[in-house]
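In what follows, a structure is listed as structure tokens, so that the remarks can point back to it.
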Amino acid sequence: MRYLTGALALIATFMVGEVVAAALSGSLALFADAGHMLTDVAALGASVVAARLAARPAGGIWTFGLKRAEILSAAANGIILLVVAVVITIEAAVRLAAPPGVDGSVVLGVALAGAVVNVAATAVLARANRSSLNVRGAFAHVVTDLYAFLGTAAAGLAIMVAGWMRADAVASLVVAALMVRAAWGLLRDSGRILLQAAPAEVSLDEVRSHVVGVEHVLGVHDLHAWTLSSDLPTLSAHVVVEDHCFSSGHAPQVLDALQACLGAHFDVVHSTFQLEPASHAAHEPASHR
């Protein structure tokens with residue numbers, strides 16, 4: 001929380017100054033950078049709020065707590081990035097056709113200052129736990145901004161040295177492209193979680209093979225794996241075991257072996273198994289076979 005809040009303060013303060021500088025210089029590239037920094041502020045602010053929500057214990061109707069708040073935040077930030085990128089691209093196209101006058105010295109100075117601020121924010125966020133999709137998304141935003149500021153600085157230099165006013169619009173397009181790239185990563189990863197896709201690091205075929213390999217296990221079906229939040233892969237399955245496991249009281253040992261297998265091979269610590277005898281298949285609904 002301390003690292004997220006520190007980076008948020010740095011980025012928000014500089015963003016306000018950059019908007020003023022962009023208005024004074026007439027630079028779209030600076031406005032583009034400020035727009036990108038606005039998404040950084042939103043990402044960092046949402047990360048702080050989502051982290052607080054995710055830390056709340058489960059209770060009432062929230063049987064898993066609010067752990068997915070960070071995923072919703074990441075998805076929202078991805079959408080905001082795309083919207084801002086579209087707006088910047090449209091304006092940049094207009095300016096390529098009819099480039100207005102831009103003060104290159106202001107663009108260069110602000111861009112270099114922004115690069116310094118982003119280096120500081122990156123150093124702060126690098127110390128935070130990036131296993132969280134929210135924090136990872138915020139970190140990606142800030143790093144992308146660093147590259148964008150370097151491109152904007154190059155545009156300012158081109159305007160000062162060669163008087164090439166279209167450099168401002170070109171730099172804006174580069175920033176927009178970086179936004180789209182960052183948005184795609186956030187939407188892809190958050191979408192996988194929200195749509196309950198199996199974690200990328202968990203192969204269901206391998207899980208099935210390992211489960212069937214546990215002693216006394218005859219088969220497995222209704223196997224599901226999903227991710228509750230960035231760092232909480234979850235799995236459930238119906239496991240068919242030898243009938244005598246129930247009469248001999250050996251079922252708890254089979255359950256222990258199954259959970260130990262998942263933890264050792266797939267780093268899945270939140271699992272739910274329904275142990276059932278082979279004769280139970282006749283009572284299973286078709287959707288569970």
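Naming scheme: A, B, ... for chains in displayed order of the structure tokens; residues 1 onward per chain; ligands 1 onward as shown.
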
**OP:** Extract, using only C-alpha atoms, all DNA, RNA and protein residues at most 8 Å from Ala69 of chain A, discarding same-chain residues fewer than 2 positions from it, and format them as number ranges by chain.
**Re:** A: 50-51, 53-54, 66-67, 71-73

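Candidate residues A:Leu228, A:Ala278, A:Val174, A:Leu258 were compared for distance to Ala85 of chain A, and the nearest is A:Val174, using only C-alpha atoms.
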
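Distances here use only C-alpha atoms; by that measure, the residue among A:Leu30, A:Leu108, A:Ala74, A:Val240 closest to Arg192 of chain A is A:Ala74.
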
Subject >> Residue contacts of segment 246-254 of chain A (12 Å, only C-alpha atoms) excluding same-chain residues fewer than 2 positions away, as a list in words >> reply: Val211, Val212, Gly213, Val214, Glu215, His216, Val217, Leu218, Val239, Val240, Val241, Glu242, Asp243, His244, Asp256, Ala257, Leu258, Gln259, Ala260, Cys261, Phe273, Gln274, Leu275, Glu276, Pro277 and Ala278 of chain A

Output of the above residues as a PDB file, in the first residue's frame, restricted to C-alpha atoms:
```
ATOM      1  CA  VAL A 211      -5.031 -37.311 -10.072  1.00  0.00           C
ATOM      2  CA  VAL A 212      -5.657 -40.690 -11.703  1.00  0.00           C
ATOM      3  CA  GLY A 213      -2.141 -41.690 -10.671  1.00  0.00           C
ATOM      4  CA  VAL A 214      -2.983 -41.335  -6.969  1.00  0.00           C
ATOM      5  CA  GLU A 215      -3.407 -44.709  -5.273  1.00  0.00           C
ATOM      6  CA  HIS A 216      -7.018 -45.997  -5.072  1.00  0.00           C
ATOM      7  CA  VAL A 217      -8.273 -43.434  -7.617  1.00  0.00           C
ATOM      8  CA  LEU A 218     -10.194 -44.969 -10.519  1.00  0.00           C
ATOM      9  CA  VAL A 239     -12.943 -38.196  -8.070  1.00  0.00           C
ATOM     10  CA  VAL A 240     -14.009 -41.847  -8.332  1.00  0.00           C
ATOM     11  CA  VAL A 241     -12.236 -44.047  -5.780  1.00  0.00           C
ATOM     12  CA  GLU A 242     -12.343 -47.737  -4.918  1.00  0.00           C
ATOM     13  CA  ASP A 243     -15.457 -48.671  -2.948  1.00  0.00           C
ATOM     14  CA  HIS A 244     -13.558 -50.072   0.018  1.00  0.00           C
ATOM     15  CA  ASP A 256      -4.825 -35.770   1.635  1.00  0.00           C
ATOM     16  CA  ALA A 257      -2.883 -37.406  -1.200  1.00  0.00           C
ATOM     17  CA  LEU A 258      -4.898 -35.552  -3.846  1.00  0.00           C
ATOM     18  CA  GLN A 259      -4.354 -32.142  -2.249  1.00  0.00           C
ATOM     19  CA  ALA A 260      -0.660 -32.838  -1.690  1.00  0.00           C
ATOM     20  CA  CYS A 261      -0.331 -33.813  -5.352  1.00  0.00           C
ATOM     21  CA  PHE A 273     -12.805 -32.754  -4.321  1.00  0.00           C
ATOM     22  CA  GLN A 274     -15.975 -34.797  -4.246  1.00  0.00           C
ATOM     23  CA  LEU A 275     -14.987 -38.394  -3.547  1.00  0.00           C
ATOM     24  CA  GLU A 276     -17.458 -40.945  -4.838  1.00  0.00           C
ATOM     25  CA  PRO A 277     -17.645 -44.714  -5.407  1.00  0.00           C
ATOM     26  CA  ALA A 278     -17.935 -46.105  -8.920  1.00  0.00           C
TER      27      ALA A 278
END
```

**OP:** Could you please write out, as a ChimeraX atom specification, every residue of segment 5-244 of chain A that DSSP assigns to alpha helix (DSSP H)?
**Re:** /A:5-25,28-54,69-97,104-125,133-162,166-194,204-212,244

**OP:** Might you pull out every residue within 7 Å of Gly78 of chain A, with only C-alpha atoms counted and same-chain residues fewer than 3 positions away left off, and present them as a count of residues only?
**Re:** 8

Please identify all polymer residues within 9 Å of segment 135-141 of chain A, counting only C-alpha atoms, omitting same-chain residues fewer than 4 positions from it, and present them as a JSON list (two decimals) with C-alpha atoms, in the first residue's frame.
```json
[["chain", "number", "residue", "atom", "x", "y", "z"],
["A", 4, "LEU", "CA", 1.32, 2.21, -4.48],
["A", 36, "HIS", "CA", -1.69, 8.29, -20.38],
["A", 37, "MET", "CA", -0.65, 9.51, -16.94],
["A", 39, "THR", "CA", -4.81, 6.26, -16.73],
["A", 40, "ASP", "CA", -1.78, 5.64, -14.52],
["A", 41, "VAL", "CA", -3.40, 7.66, -11.75],
["A", 42, "ALA", "CA", -6.63, 5.70, -12.22],
["A", 43, "ALA", "CA", -4.73, 2.41, -12.23],
["A", 44, "LEU", "CA", -2.77, 3.24, -9.10],
["A", 47, "SER", "CA", -5.01, -0.62, -7.09],
["A", 70, "GLU", "CA", -8.56, -5.98, -8.38],
["A", 74, "ALA", "CA", -7.57, -3.97, -14.15],
["A", 77, "ASN", "CA", -8.08, 0.46, -16.71],
["A", 78, "GLY", "CA", -7.65, -1.48, -19.95],
["A", 121, "ALA", "CA", 7.70, 5.95, -9.75],
["A", 122, "THR", "CA", 8.99, 2.80, -11.46],
["A", 125, "LEU", "CA", 6.54, 0.23, -7.75],
["A", 126, "ALA", "CA", 9.31, -2.25, -8.46],
["A", 128, "ALA", "CA", 5.67, -3.79, -4.57],
["A", 129, "ASN", "CA", 4.26, -7.29, -4.98],
["A", 130, "ARG", "CA", 3.73, -7.71, -8.74],
["A", 131, "SER", "CA", 2.01, -11.09, -8.45],
["A", 145, "ASP", "CA", 4.84, 6.26, -19.75],
["A", 146, "LEU", "CA", 8.61, 6.31, -19.39],
["A", 179, "MET", "CA", -1.53, 2.49, -24.73],
["A", 182, "ALA", "CA", -0.78, -2.11, -22.44],
["A", 183, "ALA", "CA", -4.60, -2.25, -22.71],
["A", 185, "GLY", "CA", -2.38, -7.15, -21.90],
["A", 186, "LEU", "CA", -4.68, -5.98, -19.12]]
```

Original post:
Counting only C-alpha atoms, what is within 7 Å of Val107 of chain A, bar same-chain residues fewer than 4 positions away, as a list in words?
Top reply: Ser27, Leu30, Asp103, Ala111, Ala153 and Gly156 of chain A

File dump, residues just selected, C-alpha atoms, as a CSV table (one decimal), in the first residue's frame:
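Saved the output as part_36.csv:
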```csv
chain,number,residue,atom,x,y,z
A,27,SER,CA,1.5,20.2,-27.8
A,30,LEU,CA,2.1,16.4,-24.0
A,103,ASP,CA,6.9,25.2,-28.6
A,111,ALA,CA,9.2,15.3,-21.4
A,153,ALA,CA,11.4,14.4,-25.8
A,156,GLY,CA,10.5,18.3,-28.9
```

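Taking only C-alpha atoms into account, Gly263 of chain A lies nearest to A:Leu235 out of the set A:Ala200, A:Ala23, A:Val48, A:Leu235.
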
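When only C-alpha atoms are used to compute distances to Thr234 of chain A, the closest of the residues A:Arg95, A:Gly101, A:Phe64, A:Ile79 turns out to be A:Phe64.
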
Original post:
Between A:Ser236, A:Ala162, A:Phe266, A:Ala171, which has the minimum distance to His210 of chain A (counting only C-alpha atoms)?
Top reply: A:Phe266

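Look at Leu157 of chain A: the protein and nucleic acid residues within 12 Å of it, using only C-alpha atoms and passing over chain neighbours fewer than 5 places away, are Val102, Asp103, Gly104, Ser105, Val106, Val107, Leu108, Gly109, Val110, Ala111, Leu112, Leu150, Gly151, Thr152, Ala162, Gly163, Trp164, Met165, Ala167, Asp168 and Ala171 of chain A.
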
Could you turn the residues from that selection into a file that holds C-alpha atoms, as a compact mmCIF listing (two decimals), in the first residue's frame?
```txt
# COMPACT_ATOMS: atom_id res chain seq x y z
CA VAL A 102 4.29 23.88 -31.10
CA ASP A 103 6.89 25.20 -28.64
CA GLY A 104 9.57 22.50 -28.90
CA SER A 105 11.57 23.73 -25.91
CA VAL A 106 8.60 23.33 -23.57
CA VAL A 107 7.86 19.87 -25.00
CA LEU A 108 11.47 18.76 -24.52
CA GLY A 109 11.76 20.17 -21.00
CA VAL A 110 8.50 18.70 -19.74
CA ALA A 111 9.19 15.33 -21.37
CA LEU A 112 12.60 15.05 -19.71
CA LEU A 150 11.40 9.61 -24.20
CA GLY A 151 9.54 9.65 -27.53
CA THR A 152 7.99 13.00 -26.70
CA ALA A 162 14.54 20.99 -37.65
CA GLY A 163 11.26 22.82 -37.14
CA TRP A 164 9.37 19.62 -38.02
CA MET A 165 5.98 20.31 -36.41
CA ALA A 167 6.94 15.29 -34.95
CA ASP A 168 4.47 16.17 -32.20
CA ALA A 171 5.04 11.08 -31.03
```

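Across segment 50-220 of chain A, DSSP run on the backbone finds strand (DSSP E or B) at A:Gly59, A:Trp62, A:Val217, A:Leu218, A:Gly219, A:Val220.
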
Original post:
Looking at only C-alpha atoms, which of A:Ala197, A:Ala113, A:Ala92, A:Cys245 is the one that sits closest to Val175 of chain A?
Top reply: A:Ala92
